[in-house]
Structure formats: C-alpha cells, structure tokens
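query-v4.txt follows; it contains compact mmCIF, C-alpha atoms and all ligand atoms.
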# COMPACT_ATOMS: atom_id res chain seq x y z
CA MET B 8 82.82 -102.86 5.93
CA THR B 9 82.09 -99.49 4.42
CA ASN B 10 82.13 -99.26 0.64
CA SER B 11 81.93 -102.98 0.35
CA ARG B 12 79.52 -103.94 -2.37
CA ILE B 13 77.39 -107.03 -2.06
CA ALA B 14 77.88 -109.68 -4.72
CA ALA B 15 75.97 -112.96 -4.87
CA VAL B 16 77.47 -115.18 -7.53
CA ASP B 17 76.40 -118.63 -8.68
CA VAL B 18 79.18 -120.04 -10.85
CA GLY B 19 77.07 -122.67 -12.58
CA ASN B 20 78.67 -125.19 -14.92
CA ASP B 21 76.54 -123.78 -17.69
CA ALA B 22 76.37 -120.11 -16.79
CA VAL B 23 77.30 -117.62 -14.10
CA LYS B 24 74.40 -115.86 -12.50
CA ALA B 25 75.25 -112.84 -10.35
CA ASN B 26 73.32 -110.25 -8.31
CA PHE B 27 74.92 -107.02 -7.11
CA GLY B 28 74.48 -104.15 -4.71
CA LYS B 29 70.88 -103.42 -3.86
CA LEU B 30 69.85 -105.75 -6.68
CA GLU B 31 70.03 -102.88 -9.14
CA SER B 32 72.22 -104.98 -11.40
CA SER B 33 72.75 -108.58 -12.35
CA LEU B 34 74.77 -110.53 -14.88
CA TYR B 35 74.34 -113.75 -16.83
CA ILE B 36 77.53 -115.03 -18.48
CA PRO B 37 77.90 -118.44 -20.17
CA ASN B 38 80.59 -120.42 -18.38
CA VAL B 39 83.01 -120.78 -21.25
CA ILE B 40 86.61 -119.57 -21.40
CA ALA B 41 89.35 -119.77 -24.01
CA ARG B 42 93.04 -119.19 -23.37
CA ASP B 43 94.71 -116.61 -25.58
CA MET B 44 98.42 -116.55 -26.14
CA GLU B 45 98.59 -112.93 -27.26
CA ASP B 46 97.05 -109.84 -25.75
CA ARG B 47 96.22 -108.55 -29.23
CA PRO B 48 94.36 -111.45 -30.76
CA VAL B 49 92.82 -111.41 -34.18
CA ILE B 50 89.34 -110.67 -33.01
CA GLY B 51 87.45 -108.09 -34.97
CA ILE B 52 88.19 -104.81 -33.24
CA GLU B 53 86.49 -102.72 -35.85
CA ASP B 54 83.62 -100.64 -34.45
CA LEU B 55 84.65 -101.96 -31.08
CA ASP B 56 82.88 -99.28 -29.12
CA GLU B 57 79.54 -100.11 -30.63
CA LYS B 58 79.77 -103.67 -29.40
CA ASP B 59 78.47 -104.98 -26.12
CA PRO B 60 81.26 -105.56 -23.58
CA LEU B 61 79.41 -108.63 -22.34
CA ASP B 62 79.82 -110.26 -25.76
CA ASN B 63 83.50 -109.30 -25.98
CA LEU B 64 85.08 -110.11 -22.66
CA HIS B 65 88.79 -110.32 -23.16
CA ILE B 66 90.84 -110.16 -19.99
CA ARG B 67 94.13 -110.86 -18.28
CA VAL B 68 93.84 -112.14 -14.73
CA HIS B 69 96.47 -111.71 -12.04
CA SER B 70 95.82 -113.65 -8.87
CA PRO B 71 97.87 -115.86 -6.59
CA ALA B 72 94.76 -118.01 -6.28
CA LEU B 73 95.14 -119.16 -9.87
CA ARG B 74 97.25 -122.10 -10.96
CA GLU B 75 98.11 -120.18 -14.09
CA ASN B 76 98.68 -116.61 -13.11
CA ASN B 77 98.63 -113.73 -15.63
CA ALA B 78 96.92 -115.75 -18.32
CA ILE B 79 94.73 -114.12 -20.96
CA TYR B 80 91.22 -115.34 -21.57
CA ARG B 81 88.23 -114.77 -23.71
CA VAL B 82 85.18 -115.23 -21.54
CA GLY B 83 81.53 -116.05 -22.20
CA ASN B 84 80.04 -115.48 -25.64
CA LEU B 85 83.38 -114.43 -27.11
CA ALA B 86 84.97 -117.68 -25.93
CA ALA B 87 82.12 -119.76 -27.26
CA LYS B 88 83.16 -118.69 -30.76
CA ALA B 89 86.77 -119.75 -30.23
CA THR B 90 87.90 -123.20 -31.29
CA ASN B 91 89.90 -123.90 -28.13
CA SER B 92 87.18 -123.00 -25.64
CA THR B 93 86.71 -125.10 -22.52
CA GLU B 94 83.66 -125.81 -20.47
CA LEU B 95 83.85 -127.38 -17.05
CA ASP B 96 84.18 -131.12 -16.99
CA PRO B 97 81.39 -132.85 -15.03
CA GLY B 98 83.75 -134.89 -12.86
CA SER B 99 85.90 -131.96 -11.79
CA TYR B 100 85.88 -129.96 -8.58
CA LYS B 101 84.50 -126.49 -9.04
CA SER B 102 86.61 -125.25 -6.16
CA GLU B 103 89.85 -126.38 -7.77
CA GLU B 104 89.45 -125.15 -11.31
CA ASP B 105 90.96 -121.91 -12.53
CA GLN B 106 87.91 -121.59 -14.73
CA THR B 107 85.69 -121.07 -11.68
CA LEU B 108 87.87 -118.21 -10.46
CA VAL B 109 88.25 -116.67 -13.89
CA MET B 110 84.47 -116.58 -14.29
CA LEU B 111 83.97 -115.22 -10.78
CA PHE B 112 86.58 -112.48 -11.21
CA ALA B 113 85.33 -111.60 -14.68
CA SER B 114 81.78 -111.07 -13.45
CA LEU B 115 82.88 -108.96 -10.48
CA ALA B 116 85.26 -106.89 -12.60
CA LEU B 117 82.56 -106.27 -15.14
CA ASP B 118 80.25 -105.08 -12.40
CA ALA B 119 82.96 -102.85 -10.93
CA VAL B 120 84.01 -101.31 -14.20
CA SER B 121 80.47 -100.50 -15.28
CA GLY B 122 79.59 -98.83 -11.97
CA LYS B 123 79.60 -95.11 -11.42
CA ASP B 124 82.69 -95.19 -9.19
CA ALA B 125 84.71 -96.50 -12.12
CA LYS B 126 84.35 -93.20 -13.96
CA SER B 127 86.24 -91.37 -11.24
CA SER B 128 89.02 -93.95 -11.14
CA LYS B 129 92.65 -92.88 -11.30
CA ASN B 130 94.99 -94.13 -14.06
CA ASN B 131 92.30 -96.48 -15.32
CA VAL B 132 92.54 -98.53 -12.15
CA VAL B 133 89.33 -99.28 -10.27
CA GLU B 134 89.57 -100.37 -6.64
CA ALA B 135 86.63 -102.63 -5.87
CA ASN B 136 85.71 -104.14 -2.52
CA TYR B 137 83.15 -106.88 -2.30
CA THR B 138 81.30 -108.87 0.29
CA LEU B 139 80.73 -112.10 -1.55
CA GLY B 140 78.12 -114.80 -1.16
CA THR B 141 78.69 -117.81 -3.35
CA GLY B 142 78.37 -121.57 -3.30
CA LEU B 143 79.86 -124.92 -4.06
CA PRO B 144 78.23 -128.26 -4.74
CA LEU B 145 77.37 -130.16 -1.60
CA ARG B 146 79.89 -132.84 -2.50
CA GLU B 147 82.73 -130.32 -2.26
CA VAL B 148 81.50 -128.69 0.92
CA LYS B 149 81.23 -132.15 2.46
CA GLU B 150 84.88 -132.69 1.68
CA GLY B 151 85.79 -129.36 3.23
CA LYS B 152 86.87 -127.75 -0.03
CA ASP B 153 84.98 -124.58 0.85
CA VAL B 154 87.59 -123.62 3.45
CA GLY B 155 90.52 -123.38 1.06
CA TYR B 156 88.36 -121.82 -1.62
CA ARG B 157 87.29 -119.06 0.74
CA SER B 158 90.70 -118.32 2.15
CA GLN B 159 92.40 -117.99 -1.22
CA LEU B 160 89.77 -115.44 -2.18
CA LEU B 161 90.14 -113.50 1.05
CA GLY B 162 93.90 -113.69 1.17
CA SER B 163 94.92 -111.47 -1.71
CA VAL B 164 94.11 -108.86 -4.28
CA HIS B 165 92.93 -110.23 -7.62
CA GLN B 166 93.35 -108.09 -10.67
CA VAL B 167 91.38 -108.19 -13.88
CA GLU B 168 92.73 -106.22 -16.79
CA PHE B 169 90.42 -105.58 -19.72
CA LEU B 170 92.18 -106.05 -23.04
CA VAL B 171 90.25 -105.89 -26.30
CA THR B 172 86.88 -105.24 -24.68
CA PRO B 173 84.71 -102.37 -25.90
CA GLN B 174 84.29 -99.42 -23.53
CA TYR B 175 86.65 -100.90 -20.94
CA GLN B 176 89.79 -101.52 -22.94
CA GLY B 177 92.83 -100.71 -20.81
CA MET B 178 90.94 -100.60 -17.52
CA LYS B 179 92.17 -102.59 -14.54
CA VAL B 180 90.10 -103.69 -11.59
CA ASN B 181 91.64 -104.61 -8.25
CA LEU B 182 89.26 -106.94 -6.49
CA LYS B 183 89.36 -107.28 -2.74
CA PHE B 184 87.04 -109.30 -0.56
CA ASP B 185 86.01 -108.02 2.84
CA GLU B 186 84.08 -111.18 3.52
CA VAL B 187 83.37 -114.37 1.62
CA LYS B 188 80.65 -116.86 2.47
CA VAL B 189 80.53 -120.18 0.69
CA TYR B 190 77.17 -121.91 1.00
CA PRO B 191 76.29 -125.46 -0.02
CA GLU B 192 74.13 -125.30 -3.16
CA GLY B 193 71.26 -127.47 -1.96
CA PHE B 194 70.82 -125.56 1.26
CA ALA B 195 70.72 -122.30 -0.63
CA ALA B 196 67.83 -123.52 -2.74
CA TYR B 197 65.94 -124.37 0.44
CA VAL B 198 66.55 -120.91 1.88
CA ASN B 199 65.19 -119.39 -1.27
CA LEU B 200 62.06 -121.50 -1.03
CA VAL B 201 61.19 -120.69 2.56
CA MET B 202 62.47 -117.14 3.07
CA ASP B 203 62.09 -113.70 1.55
CA ASN B 204 64.83 -111.10 1.02
CA ASP B 205 64.82 -110.18 4.71
CA LEU B 206 64.98 -113.85 5.65
CA ASN B 207 61.45 -113.72 6.99
CA ILE B 208 59.82 -117.08 6.66
CA ILE B 209 57.39 -116.96 3.78
CA ASN B 210 56.55 -120.61 3.67
CA LYS B 211 55.55 -121.83 7.13
CA GLU B 212 54.07 -125.01 5.69
CA LEU B 213 57.38 -126.06 4.29
CA ILE B 214 59.89 -125.10 6.90
CA ASP B 215 59.74 -128.15 9.11
CA LYS B 216 58.99 -130.71 6.48
CA GLN B 217 61.41 -133.17 5.05
CA ILE B 218 61.82 -132.10 1.46
CA LEU B 219 63.90 -132.94 -1.57
CA ILE B 220 65.32 -130.43 -4.02
CA GLN B 221 66.38 -131.74 -7.39
CA ASP B 222 68.59 -129.23 -9.20
CA ILE B 223 68.99 -130.15 -12.85
CA GLY B 224 71.79 -127.99 -14.21
CA GLY B 225 73.74 -127.88 -17.43
CA LEU B 226 76.21 -130.61 -16.61
CA SER B 227 75.13 -132.01 -13.30
CA THR B 228 72.14 -132.89 -11.16
CA ASP B 229 72.08 -132.54 -7.40
CA ILE B 230 69.42 -133.83 -5.07
CA ALA B 231 69.45 -132.30 -1.62
CA VAL B 232 67.58 -133.74 1.33
CA ILE B 233 66.37 -131.14 3.82
CA ARG B 234 65.48 -132.24 7.30
CA ASN B 235 65.23 -130.26 10.54
CA ARG B 236 65.84 -127.07 8.59
CA ASN B 237 69.19 -128.30 7.40
CA VAL B 238 70.73 -130.19 4.50
CA ASP B 239 71.32 -133.77 5.40
CA ASP B 240 74.84 -134.18 4.06
CA ASP B 241 74.85 -137.93 4.10
CA LYS B 242 71.68 -138.26 2.10
CA ALA B 243 72.38 -135.77 -0.64
CA GLN B 244 73.35 -137.14 -4.01
CA GLY B 245 75.06 -135.71 -7.03
CA PHE B 246 74.98 -137.07 -10.56
CA ASN B 247 77.19 -136.09 -13.46
CA LEU B 248 74.34 -135.62 -15.86
CA GLY B 249 72.64 -132.38 -16.80
CA VAL B 250 70.67 -131.19 -19.76
CA SER B 251 73.46 -129.80 -21.95
CA GLU B 252 74.31 -133.13 -23.54
CA SER B 253 70.73 -133.66 -24.65
CA LEU B 254 70.43 -130.13 -26.01
CA GLU B 255 73.58 -130.75 -28.02
CA ALA B 256 72.18 -134.07 -29.27
CA ILE B 257 69.01 -132.32 -30.46
CA ARG B 258 71.09 -129.73 -32.26
CA ASP B 259 73.13 -132.44 -33.99
CA GLU B 260 70.10 -134.34 -35.09
CA ILE B 261 68.34 -131.27 -36.45
CA LEU B 262 71.46 -130.61 -38.51
CA THR B 263 71.67 -134.16 -39.84
CA LYS B 264 67.98 -134.52 -40.56
CA HIS B 265 67.02 -131.03 -41.71
CA GLY B 266 70.36 -129.48 -42.65
CA VAL B 267 69.70 -126.58 -40.28
CA GLU B 268 72.49 -125.50 -37.98
CA LEU B 269 71.24 -123.81 -34.82
CA ASP B 270 73.67 -121.35 -33.24
CA SER B 271 73.63 -122.65 -29.71
CA ARG B 272 71.99 -124.79 -27.07
CA ARG B 273 70.10 -121.66 -26.11
CA ASP B 274 68.30 -121.85 -29.49
CA VAL B 275 67.30 -125.41 -28.71
CA VAL B 276 65.95 -124.33 -25.33
CA ASP B 277 63.92 -121.67 -27.08
CA ILE B 278 62.44 -124.17 -29.53
CA ILE B 279 61.32 -126.52 -26.78
CA THR B 280 60.10 -123.98 -24.22
CA ARG B 281 58.58 -121.06 -26.14
CA LYS B 282 54.87 -120.38 -25.89
CA ASN B 283 54.13 -120.15 -29.59
CA ASP B 284 55.20 -122.54 -32.27
CA ARG B 285 56.96 -124.83 -29.88
CA HIS B 286 58.93 -127.73 -31.46
CA HIS B 287 59.00 -126.08 -34.87
CA ILE B 288 61.83 -124.66 -36.94
CA MET B 289 62.04 -123.01 -40.32
CA VAL B 290 63.61 -125.12 -43.06
CA LYS B 291 64.20 -123.26 -46.33
CA GLY B 292 61.27 -121.05 -45.44
CA SER B 293 58.86 -123.81 -44.48
CA ARG B 294 57.62 -124.29 -40.96
CA THR B 295 58.83 -127.75 -39.94
CA ASN B 296 57.95 -129.96 -36.99
CA VAL B 297 60.89 -131.34 -35.02
CA HIS B 298 58.81 -132.78 -32.21
CA ASP B 299 59.91 -136.34 -33.00
CA ILE B 300 63.53 -135.41 -32.33
CA THR B 301 63.01 -133.25 -29.23
CA ASP B 302 60.51 -135.68 -27.72
CA ARG B 303 62.66 -138.75 -28.02
CA ILE B 304 65.84 -137.18 -26.67
CA LEU B 305 64.18 -135.28 -23.83
CA LEU B 306 62.06 -138.23 -22.78
CA GLU B 307 65.20 -140.32 -22.55
CA LEU B 308 66.80 -137.77 -20.25
CA ALA B 309 63.61 -137.34 -18.23
CA LYS B 310 63.55 -141.08 -17.61
CA LYS B 311 67.07 -140.97 -16.23
CA GLN B 312 66.22 -137.98 -14.05
CA TYR B 313 63.11 -139.78 -12.84
CA ARG B 314 65.24 -142.75 -11.85
CA TYR B 315 67.43 -140.45 -9.75
CA LEU B 316 64.36 -139.10 -8.03
CA ARG B 317 62.99 -142.55 -7.36
CA ASN B 318 66.26 -143.73 -5.99
CA VAL B 319 66.65 -140.83 -3.56
CA TRP B 320 63.00 -140.93 -2.52
CA GLN B 321 63.29 -144.62 -1.75
CA LYS B 322 66.13 -143.89 0.63
CA ASN B 323 64.24 -140.96 2.16
CA SER B 324 60.75 -142.35 2.26
CA GLN B 325 59.40 -139.76 4.68
CA SER B 326 59.93 -136.88 2.26
CA GLU B 327 56.81 -134.86 1.63
CA ILE B 328 57.64 -133.05 -1.57
CA CYS B 329 60.34 -132.62 -4.19
CA TYR B 330 61.01 -129.26 -5.79
CA PHE B 331 62.61 -129.13 -9.21
CA VAL B 332 65.00 -126.26 -9.80
CA GLY B 333 67.74 -125.36 -12.31
CA GLY B 334 67.44 -124.65 -16.01
CA GLY B 335 67.13 -128.36 -16.75
CA SER B 336 63.92 -128.51 -14.76
CA ALA B 337 62.40 -125.84 -16.96
CA VAL B 338 63.29 -127.89 -20.02
CA LEU B 339 62.09 -131.24 -18.67
CA LYS B 340 59.02 -130.09 -16.74
CA ASP B 341 56.32 -131.55 -18.99
CA TYR B 342 58.14 -134.83 -19.51
CA MET B 343 58.76 -135.33 -15.80
CA LYS B 344 55.14 -134.56 -14.95
CA THR B 345 53.85 -137.02 -17.54
CA LEU B 346 56.18 -139.76 -16.35
CA ASN B 347 55.20 -139.12 -12.75
CA ASN B 348 51.51 -139.36 -13.57
CA LYS B 349 52.05 -142.71 -15.26
CA LEU B 350 54.45 -144.08 -12.66
CA ASP B 351 54.83 -143.34 -8.96
CA GLY B 352 52.76 -140.20 -8.52
CA PHE B 353 55.25 -138.50 -6.21
CA ASN B 354 54.38 -135.11 -4.80
CA ILE B 355 56.54 -132.98 -7.10
CA GLU B 356 56.55 -129.27 -7.85
CA PHE B 357 58.03 -127.08 -10.59
CA PHE B 358 58.33 -123.34 -10.93
CA GLU B 359 56.07 -121.63 -13.39
CA ASP B 360 58.67 -119.06 -14.32
CA GLU B 361 61.83 -120.63 -15.75
CA ASN B 362 63.87 -117.65 -14.61
CA GLU B 363 63.00 -118.50 -11.07
CA SER B 364 64.48 -121.97 -11.61
CA ILE B 365 67.64 -120.64 -13.19
CA TRP B 366 68.27 -117.81 -10.73
CA MET B 367 67.40 -119.87 -7.64
CA MET B 368 70.97 -120.15 -6.33
CA ALA B 369 72.09 -116.61 -7.10
CA ASN B 370 68.94 -115.26 -5.44
CA ALA B 371 69.48 -117.46 -2.41
CA TYR B 372 73.09 -116.36 -2.01
CA TYR B 373 71.86 -112.81 -2.22
CA LYS B 374 69.40 -113.35 0.59
CA LEU B 375 71.99 -115.05 2.75
CA ILE B 376 74.80 -112.58 2.22
CA SER B 377 72.66 -109.47 2.62
CA ASP B 378 71.28 -110.89 5.84
CA PHE B 379 74.83 -111.49 7.01
CA VAL B 380 75.76 -107.89 6.22
CA ARG B 381 72.68 -106.56 8.05
CA LYS B 382 73.40 -108.60 11.16
CA ASN B 383 77.03 -107.60 11.07
CA SER B 384 76.30 -103.92 10.85
CA LYS B 385 73.87 -104.24 13.76
CA GLU B 386 76.65 -105.86 15.75
CA GLU B 387 78.92 -102.99 14.83
CA VAL B 388 76.37 -100.47 16.04
CA LYS B 389 76.04 -102.40 19.28
CA ASP B 390 79.81 -102.55 19.72
CA ASN B 391 80.14 -98.85 19.04
CA LYS B 392 77.46 -98.09 21.62
CA LYS B 393 79.25 -100.24 24.16
CA GLN B 394 82.46 -98.41 23.40
CA GLU B 395 80.73 -95.07 23.81
CA GLN B 396 79.19 -96.11 27.10
CA LYS B 397 82.53 -97.35 28.35
CA SER B 398 84.36 -94.20 27.46
CA GLY B 399 81.45 -92.17 28.81
CA SER B 400 81.51 -93.85 32.23
CA SER B 401 85.25 -93.60 32.56
CA LYS B 402 85.09 -89.84 32.35
N1 LIG X 1 65.27 -119.67 -19.99
C1 LIG X 1 66.47 -120.24 -20.06
N2 LIG X 1 67.54 -119.46 -20.22
C2 LIG X 1 68.76 -120.00 -20.27
N3 LIG X 1 69.00 -121.31 -20.20
C3 LIG X 1 67.99 -122.15 -20.05
C4 LIG X 1 66.67 -121.65 -19.96
N4 LIG X 1 65.89 -122.68 -19.76
C5 LIG X 1 66.67 -123.75 -19.75
N5 LIG X 1 67.94 -123.47 -19.93
C6 LIG X 1 69.02 -124.47 -19.98
O1 LIG X 1 69.15 -125.05 -18.71
C7 LIG X 1 70.43 -125.61 -18.57
C8 LIG X 1 70.91 -125.48 -17.15
O2 LIG X 1 70.96 -124.16 -16.74
P1 LIG X 1 71.44 -123.78 -15.27
O3 LIG X 1 71.73 -122.32 -15.30
O4 LIG X 1 70.49 -124.27 -14.26
O5 LIG X 1 72.79 -124.62 -15.15
P2 LIG X 1 74.05 -124.32 -14.24
O6 LIG X 1 73.60 -123.96 -12.87
O7 LIG X 1 74.91 -123.32 -14.91
O8 LIG X 1 74.78 -125.71 -14.26
P3 LIG X 1 75.12 -126.70 -13.02
O9 LIG X 1 73.98 -126.66 -12.08
O10 LIG X 1 75.34 -128.02 -13.71
O11 LIG X 1 76.36 -126.14 -12.43
C9 LIG X 1 71.31 -124.95 -19.60
O12 LIG X 1 71.75 -125.94 -20.48
C10 LIG X 1 70.41 -123.98 -20.30
O13 LIG X 1 70.62 -124.00 -21.69
MG MG X 2 73.24 -124.81 -11.08

Once more with this new file: its structure as structure tokens, please.
Amino acid sequence: MTNSRIAAVDVGNDAVKANFGKLESSLYIPNVIARDMEDRPVIGIEDLDEKDPLDNLHIRVHSPALRENNAIYRVGNLAAKATNSTELDPGSYKSEEDQTLVMLFASLALDAVSGKDAKSSKNNVVEANYTLGTGLPLREVKEGKDVGYRSQLLGSVHQVEFLVTPQYQGMKVNLKFDEVKVYPEGFAAYVNLVMDNDLNIINKELIDKQILIQDIGGLSTDIAVIRNRNVDDDKAQGFNLGVSESLEAIRDEILTKHGVELDSRRDVVDIITRKNDRHHIMVKGSRTNVHDITDRILLELAKKQYRYLRNVWQKNSQSEICYFVGGGSAVLKDYMKTLNNKLDGFNIEFFEDENESIWMMANAYYKLISDFVRKNSKEEVKDNKKQEQKSGSSK
C-alpha cells in the first residue's frame, strides 16, 4: 500500500467534506452538478488563470461505475449558477446515484491535481492511488448497498479530465483505490465522539452508554441509536427532512417582503448564526430586522425535529443523552434548546463550534481509515518478519 494517499470523504447531500493525507488538506464542495453537452461551454474563460479552480470545476468523468459514462459536468459553485443543476433528491439512494460518484471523483481528482506529485506528471496525466474511507446512510448499509458501492470503486480505474478549469485545464487524473471502507454514518459520528485520531478512547463516560445521535443535514435527518458500542440497526431512523428547505423558504420570504435577493442558502445561514447583528439585513442601506421571518420558519422546523427526537426516545427509553450533529443542528441549536426546556427536558447536547458539527462524519472517516492503515502496515511488518525468520531458519 505504498504511495496510497488517505482520503476520508463525506458525500453529504448538501456538501462534500473531505480530509486528505496527513490532514494537511481538506475540501468543502457544495453537492451540486450540472450536465454539459459540450466540452467548450459558454462559461467565461477570460482571466481563467486568476480564478479559483474550486469555483470553476468543469470535468469529464470516465468510469465503468457510472450509469452515464464520459459525461461532462460542472461541479459545485460553478454548477449552482447553471439553470439545469441538480441536487440529490431526498428519497434517493446515495449509493446508486451517479451524482455521488461524480462528487467523490471530483474531490479526489482535485486533491490529486493540486498535490506536488502532479507537477512531475507525464503528458498531463496524474496517477493517483487512494485508500478511501467514506460512508453511506444507515438505511443503505442495512440493505447491503455498501457492498456493491465498494466493489465498483475498487474494481476499476476512474478518470477525471479537467476541461475549462483554471490551472488544471487539460489535466487528467487516473484514480485507483487500494482499499475502500464504507462506514454507516451514525456509527461514524459515535466514533468521533468517543475516540481521538489514534482511536484512543477520549470519552470513557460515554463509551458504554446508550446514546442517540441526531444528524440534521441539508436534506435529511438521521437518528442513530448506539448500544453496546455499536449502532443498533433496527432502532435507527431516517427522515427525509433537513434544513435546506427552510433556508430556501427564508430566502424567498426575504425577497418577497424586503425585495432583497440573497445569493445562497449559505447567506441565510450567516444571517441566523453570526455573532454580531444576527437576524438583520441591509435594505437600501438601512439595517433591517428579519427576525420575524427567520424565527417563524426555523421554529416550525425545530418543532418537527423535536418530534423526531421524542419519537425515537420513546422507543429507546433507556437512552442517556442525545448529541446533535450536522449543519442543521448548528442552525437550530437555540430553537431546539428552548423547546426542550419548555417540553420534555431531555438530556441533549450540541457542539459549540459549528464546524465540528459539519465535519463530524469526514473527521470520523479519517480516524477510522487511518487506524485501518496503521493496523494494516503493522500486520505487513509482522508478516515480513515471519517471512524473514522462515527464510533465515531454512538456511
Ligand atoms: N457554518 C456553516 N457552514 C456551512 N453550512 C452550514 C453552516 N452552518 C449550517 N449550515 C447549513 O447546514 C446544512 C446542512 O449541512 P451538512 O453539511 O450537515 O449537510 P450534509 O451532510 O451535506 O447533508 P445530509 O446529511 O442531508 O447528507 C446546510 O444546509 C448548510 O447550509
Ligand atoms: Mg450529513
């Protein structure tokens, strides 16, 4: 497994979060793609080299794992601007969508092409080997979808060709996987809570307790039940409701009521989570309060999320604590806490730092996959020693 680079990738419905190598680099790419019919689209290529590649991902992907092979895509921020962009549909299977693979390959290729080995590549082709840790929703792992997902990744070479992307135009990356581990999302969150980067237990209190983990994402919410240091598959629940819809609703209403068009959901997140001047926007130069709008829409969503919690807690009455993770938890934190104080008073916990919530899965996959690599290389050393001893004694 020499020269295999570690990649831990969380292909979230809202955004891909990825950690690489010795954690010296990471990527955050909105999960949006748009099909292009031509490899020379009418996107502004003027001053291309001054632009950020991350904002101009334009690629062709060759892979037998894809339903539509050799298709051309805009990815991430560039796709968000296109009119035909697609985001994942809440009811769909992550493991069966081309979009999941396109996002995964795009993030790996971007890592490979920006690394120092890429500069010494021949004919603009970068050979990149990865040891991948990634995940799927519990629902899909339960149905065994992880097996096929893993083997199609392992089974072939996947090529990403950069088209009209600054700095990397014309480069090709051949992606090969030396090993792929697919973890169930809820379990990964648990690992991240109780273990450090060397998988030492950092939270003795927690490790043998029955706990719940409610992951509020962009398009979905998953509640995992952890018991006996494992996810209890039968108890876990997934709901097709995340925070994106509400963020979009807030954006719409701000436009209708104040005539101000915010660029993205990210702007809405900023308005409701920032430290200073929260719930305010500028309207024609005047500072304007939008608390009525944000409060009503977020409270509505928080109530639904609280109902999910109640429902799962009722069925798992011996749970000791519920941790809230995912970007949605950062957004809903105050509302959920207020509801909980008024209502059931469950033992619930949020993360102070919203980045910790958002990067939970990617960080967990990183811990798990680097531990796997460490153990594997120890095995190799052991095997080599055995071999040496054998050949030594036969002399
Ligand atoms: N600091 C932040 N930075 C980026 N997004 C944030 C932040 N805080 C909250 N959000 C919002 O949280 C939502 C969910 O983000 P998250 O990354 O957890 O979703 P996801 O994992 O991609 O989706 P899912 O879990 O449904 O697959 C997004 O709509 C995002 O706009
Ligand atoms: Mg998520």

For the interface of chain B with ligand MG 2 (chain X) (cut-off 6 Å, counting all atoms listed in the file), please tabulate each contacting residue of chain B alongside its nearest pair of atoms and their separation in Å to one decimal, rows sorted by chain and increasing number, as CSV.
residue,atom,partner,partner_atom,distance
B:Gly19,CA,X:MG2,MG,4.6
B:Gly224,CA,X:MG2,MG,4.7
B:Gly333,CA,X:MG2,MG,5.7

**Request:** Select the residues contacting ligand LIG 1 (chain X) at a distance of at most 7 Å, based on only C-alpha atoms and all ligand atoms, then format the selection as a list in words.
**Result:** Val18, Gly19, Asn20, Asp21, Ala22, Val23, Asp222, Ile223, Gly224, Gly225, Leu226, Ser227, Thr228, Gly249, Val250, Ser251, Arg272, Arg273, Val276, Gly333, Gly334, Gly335, Ala337, Val338, Glu361, Asn362, Ser364 and Ile365 of chain B

**Complete:** In Å and to one decimal, atom CA of B:Lys374 is distant from atom CA of B:Leu111 by 18.6 Å

**Asked** Which of these, B:Gly155, B:Ile328, B:Ile79, B:Lys101, has the shortest distance to B:Ile214 once you count only C-alpha atoms?
**Response**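 Using only C-alpha atoms, the shortest distance to B:Ile214 belongs to B:Ile328.
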
Please, what is the axis-aligned box for every listed atom of stretch 18-30 of chain B with 8 Å on each side, as centre and edge lengths in Å to one decimal, as lines of an AutoDock Vina configuration file?
center_x = 74.5
center_y = -114.3
center_z = -10.8
size_x = 25.3
size_y = 37.8
size_z = 29.8

**Message:** Would you pick out the contacts of B:Leu308 at 8 Å or less, using only C-alpha atoms, so that residues sharing its chain but fewer than 4 positions from it are not included, and give the list as an MDAnalysis selection string?
**Reply:** chainID B and resid 250 253 304 312

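Proximity ranking of B:Trp366, B:Phe246, B:Phe169, B:Trp320 relative to B:Asn181 places B:Phe169 first, based on only C-alpha atoms.
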
**Asked** Of the candidates B:Lys264, B:Tyr313, B:Val39, B:Phe379, which shows the shortest atom-to-atom distance to B:Thr345, using only C-alpha atoms?
**Response**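 Using only C-alpha atoms, B:Thr345 sits closest to B:Tyr313.
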
**Item:** Given all atoms listed in the file as the counted atoms, nearest of B:Glu395, B:Asp215, B:Asp277, B:Asp17 to B:Pro191
**Value:**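 Counting all atoms listed in the file, the residue closest to B:Pro191 is B:Asp17.
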
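Computed from the coordinates, the atom CA of B:Glu134 to atom CA of B:Ala369 distance equals 23.9 Å.
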
**Shell around B:Gly266 at 12 Å using all atoms listed in the file, local window under 2 positions removed, as a VMD selection string** = chain B and resid 258 to 264 268 to 269 288 to 291 295

**Request:** Give me the residues within 12 Å of stretch 105-107 of chain B as JSON, numbers by chain, counting only C-alpha atoms and dropping any in the same chain fewer than 5 places off.
**Result:** {"B": [16, 17, 18, 19, 20, 21, 22, 23, 37, 38, 39, 40, 41, 42, 68, 69, 70, 71, 72, 73, 74, 75, 76, 77, 78, 79, 80, 81, 82, 83, 92, 93, 94, 95, 96, 99, 100, 112, 113, 114, 141, 142, 143, 156, 160]}

**Item:** For B:Lys129, the nearest of the candidates B:Met178, B:Leu306, B:Leu375, B:Leu346, counting all atoms listed in the file
**Value:**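 Looking only at the distances to B:Lys129, the closest residue turns out to be B:Met178.
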